[in-house]
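Next comes entry-v6.cif, with mmCIF, C-alpha atoms.
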data_entry
#
loop_
_atom_site.group_PDB
_atom_site.id
_atom_site.type_symbol
_atom_site.label_atom_id
_atom_site.label_comp_id
_atom_site.auth_asym_id
_atom_site.auth_seq_id
_atom_site.Cartn_x
_atom_site.Cartn_y
_atom_site.Cartn_z
ATOM 1 C CA MET B 1 -1.049 -5.900 15.326
ATOM 2 C CA SER B 2 -3.070 -2.756 14.697
ATOM 3 C CA GLU B 3 -4.222 -1.758 11.218
ATOM 4 C CA LEU B 4 -1.723 1.111 11.123
ATOM 5 C CA ARG B 5 1.234 -0.978 12.273
ATOM 6 C CA SER B 6 0.329 -3.797 9.850
ATOM 7 C CA ALA B 7 0.028 -1.341 6.973
ATOM 8 C CA GLN B 8 3.345 0.294 7.808
ATOM 9 C CA TRP B 9 5.055 -3.077 8.143
ATOM 10 C CA THR B 10 3.588 -4.285 4.816
ATOM 11 C CA LEU B 11 4.695 -1.180 2.945
ATOM 12 C CA ASP B 12 8.149 -1.236 4.550
ATOM 13 C CA ALA B 13 8.609 -4.921 3.680
ATOM 14 C CA ILE B 14 7.699 -4.316 0.036
ATOM 15 C CA GLU B 15 9.950 -1.262 -0.140
ATOM 16 C CA ASN B 16 13.041 -2.733 1.509
ATOM 17 C CA GLY B 17 12.676 -6.446 0.791
ATOM 18 C CA SER B 18 12.951 -7.417 4.442
ATOM 19 C CA SER B 19 10.493 -10.311 4.047
ATOM 20 C CA ASN B 20 9.441 -12.782 1.406
ATOM 21 C CA ALA B 21 6.145 -12.626 -0.471
ATOM 22 C CA ALA B 22 4.476 -15.263 1.721
ATOM 23 C CA THR B 23 5.204 -13.317 4.901
ATOM 24 C CA ILE B 24 4.149 -10.014 3.344
ATOM 25 C CA TYR B 25 0.948 -11.681 2.156
ATOM 26 C CA LYS B 26 0.007 -12.707 5.702
ATOM 27 C CA SER B 27 0.143 -9.085 6.807
ATOM 28 C CA ALA B 28 -1.398 -7.600 3.655
ATOM 29 C CA ALA B 29 -4.310 -10.051 3.641
ATOM 30 C CA ASP B 30 -5.456 -8.760 7.039
ATOM 31 C CA LEU B 31 -5.541 -5.105 5.955
ATOM 32 C CA ASP B 32 -8.726 -3.211 5.275
ATOM 33 C CA PRO B 33 -9.302 -3.038 1.489
ATOM 34 C CA VAL B 34 -8.904 0.760 1.527
ATOM 35 C CA THR B 35 -5.615 0.571 3.409
ATOM 36 C CA LEU B 36 -4.320 -2.086 1.030
ATOM 37 C CA TYR B 37 -5.349 0.020 -1.954
ATOM 38 C CA PHE B 38 -3.315 2.963 -0.657
ATOM 39 C CA VAL B 39 -0.273 0.782 0.108
ATOM 40 C CA PHE B 40 -0.325 -0.431 -3.497
ATOM 41 C CA ARG B 41 -1.113 3.005 -4.893
ATOM 42 C CA TYR B 42 1.779 4.599 -3.025
ATOM 43 C CA ILE B 43 4.156 2.027 -4.500
ATOM 44 C CA ARG B 44 2.787 2.476 -8.032
ATOM 45 C CA GLU B 45 2.946 6.272 -7.928
ATOM 46 C CA ILE B 46 6.292 6.668 -6.150
ATOM 47 C CA TYR B 47 8.266 3.825 -7.710
ATOM 48 C CA THR B 48 7.933 4.835 -11.346
ATOM 49 C CA PRO B 49 10.445 3.721 -14.009
ATOM 50 C CA ASP B 50 12.454 6.938 -13.589
ATOM 51 C CA ASN B 51 12.986 6.211 -9.874
ATOM 52 C CA PRO B 52 16.381 4.496 -9.426
ATOM 53 C CA SER B 53 15.054 2.559 -6.419
ATOM 54 C CA ALA B 54 12.103 1.156 -8.329
ATOM 55 C CA THR B 55 13.493 -2.103 -9.699
ATOM 56 C CA GLY B 56 13.541 -4.163 -6.508
ATOM 57 C CA VAL B 57 10.338 -2.656 -5.175
ATOM 58 C CA ILE B 58 8.426 -3.319 -8.384
ATOM 59 C CA GLU B 59 9.808 -6.874 -8.601
ATOM 60 C CA ARG B 60 8.541 -7.570 -5.072
ATOM 61 C CA MET B 61 5.187 -5.984 -5.878
ATOM 62 C CA VAL B 62 4.799 -8.083 -9.041
ATOM 63 C CA GLU B 63 5.728 -11.253 -7.177
ATOM 64 C CA LEU B 64 3.250 -10.474 -4.403
ATOM 65 C CA THR B 65 0.326 -9.559 -6.645
ATOM 66 C CA SER B 66 0.873 -12.289 -9.223
ATOM 67 C CA THR B 67 1.214 -14.974 -6.557
ATOM 68 C CA TYR B 68 -1.675 -13.733 -4.442
ATOM 69 C CA ASP B 69 -4.281 -12.382 -6.840
ATOM 70 C CA ASP B 70 -6.811 -12.118 -4.008
ATOM 71 C CA LEU B 71 -4.825 -9.078 -2.845
ATOM 72 C CA VAL B 72 -5.449 -7.391 -6.189
ATOM 73 C CA LYS B 73 -9.180 -8.080 -5.893
ATOM 74 C CA LYS B 74 -9.202 -6.747 -2.339
ATOM 75 C CA SER B 75 -7.323 -3.607 -3.405
ATOM 76 C CA LYS B 76 -9.815 -2.990 -6.221
ATOM 77 C CA LYS B 77 -12.605 -3.181 -3.659
ATOM 78 C CA GLY B 78 -10.792 -0.509 -1.639
ATOM 79 C CA GLU B 79 -10.446 1.663 -4.736
ATOM 80 C CA LYS B 80 -14.253 1.886 -4.937
ATOM 81 C CA ASP B 81 -14.603 3.121 -1.360
ATOM 82 C CA PRO B 82 -15.669 6.769 -0.830
ATOM 83 C CA ILE B 83 -12.450 7.351 1.130
ATOM 84 C CA LYS B 84 -10.530 7.218 -2.175
ATOM 85 C CA GLU B 85 -12.655 10.046 -3.556
ATOM 86 C CA TRP B 86 -12.203 12.045 -0.347
ATOM 87 C CA PHE B 87 -8.435 11.525 -0.539
ATOM 88 C CA ASP B 88 -8.262 12.554 -4.197
ATOM 89 C CA ASP B 89 -10.216 15.732 -3.412
ATOM 90 C CA THR B 90 -7.904 16.757 -0.560
ATOM 91 C CA HIS B 91 -4.493 15.143 -1.096
ATOM 92 C CA ARG B 92 -2.018 13.755 -3.606
ATOM 93 C CA ILE B 93 0.145 10.696 -3.103
ATOM 94 C CA LYS B 94 3.254 12.643 -4.129
ATOM 95 C CA GLU B 95 2.845 14.988 -1.154
ATOM 96 C CA PHE B 96 3.654 11.945 0.988
ATOM 97 C CA HIS B 97 6.804 11.045 -0.958
ATOM 98 C CA GLY B 98 9.355 9.884 1.583
ATOM 99 C CA ARG B 99 6.674 9.951 4.274
ATOM 100 C CA PRO B 100 4.567 6.854 3.605
ATOM 101 C CA HIS B 101 3.806 6.348 7.288
ATOM 102 C CA ASP B 102 2.138 9.775 7.356
ATOM 103 C CA LEU B 103 -0.031 8.711 4.414
ATOM 104 C CA LEU B 104 -1.058 5.532 6.179
ATOM 105 C CA GLU B 105 -1.861 7.453 9.369
ATOM 106 C CA VAL B 106 -4.201 9.723 7.387
ATOM 107 C CA ILE B 107 -5.921 6.754 5.734
ATOM 108 C CA VAL B 108 -6.316 4.629 8.847
ATOM 109 C CA GLU B 109 -7.563 7.619 10.839
ATOM 110 C CA LYS B 110 -10.174 8.296 8.132
ATOM 111 C CA ILE B 111 -11.272 4.640 8.076
ATOM 112 C CA GLU B 112 -11.634 4.579 11.839
ATOM 113 C CA SER B 113 -13.575 7.870 12.034
#
Go ahead and render the structure in this file as structure tokens.
Amino acid sequence: MSELRSAQWTLDAIENGSSNAATIYKSAADLDPVTLYFVFRYIREIYTPDNPSATGVIERMVELTSTYDDLVKKSKKGEKDPIKEWFDDTHRIKEFHGRPHDLLEVIVEKIES
């Protein structure tokens, strides 16, 4: 599976609960650290406590990251990448609200360029 398709699948699975943590982990573990960072960041910034859809998403995120702490370490590595700084200078996560696949396309395209 390509980086983009894996990232989209991982984010979708966390958002809609279509897979268990072990299956999500298999996909997430193969992602580039920067891509993983942005998957997690999107979830953190969009699914805030005032979002009525947040409960299930956050529960799945907590289960995933507490069970597989290597994903957290990998995401932190991605946070230190210059692509994060580039993104923060040109975009905001909230501009991709409801369009997470567009966000992931931007990130993967930047990684591959």
Excluding Val39 (chain B) and residues on its chain fewer than 5 positions from it, collect all residues at most 8 Å away from it, counting all atoms listed in the file, and give them as JSON, numbers by chain. {"B": [7, 10, 11, 104]}
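Between Leu64 (chain B) and the residues B:Ile24, B:Val106, B:Ala13, B:Ile43, the shortest atom-to-atom distance, using all atoms listed in the file, involves B:Ile24.
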Between CA of Ile107 (chain B) and CA of Leu4 (chain B), what is the distance, to one decimal in Å?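 These two atoms are separated by 8.9 Å.
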Exactly which residues make up the result of the PyMOL selection byres ((chain B and resi 61) around 10) on this file, given as a count of residues only? 18
So that I can check the surroundings of Phe96 (chain B), please list as a list of chain:residue names every protein, DNA and RNA residue that reaches within 9 Å of it, counting all atoms listed in the file and ignoring chain neighbours fewer than 6 positions away. B:Tyr42, B:Asp102, B:Leu103
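Across B:Asp50, B:Lys110, B:Val72, B:Glu45, the tightest approach to Lys94 (chain B) is made by B:Glu45 when counting only C-alpha atoms.
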Please, what distance in Å, to one decimal, runs between CA of Leu71 (chain B) and CA of Pro33 (chain B)? 8.7 Å
In Å to one decimal, how far is CA of Gly17 (chain B) from CA of Lys84 (chain B)? 27.1 Å
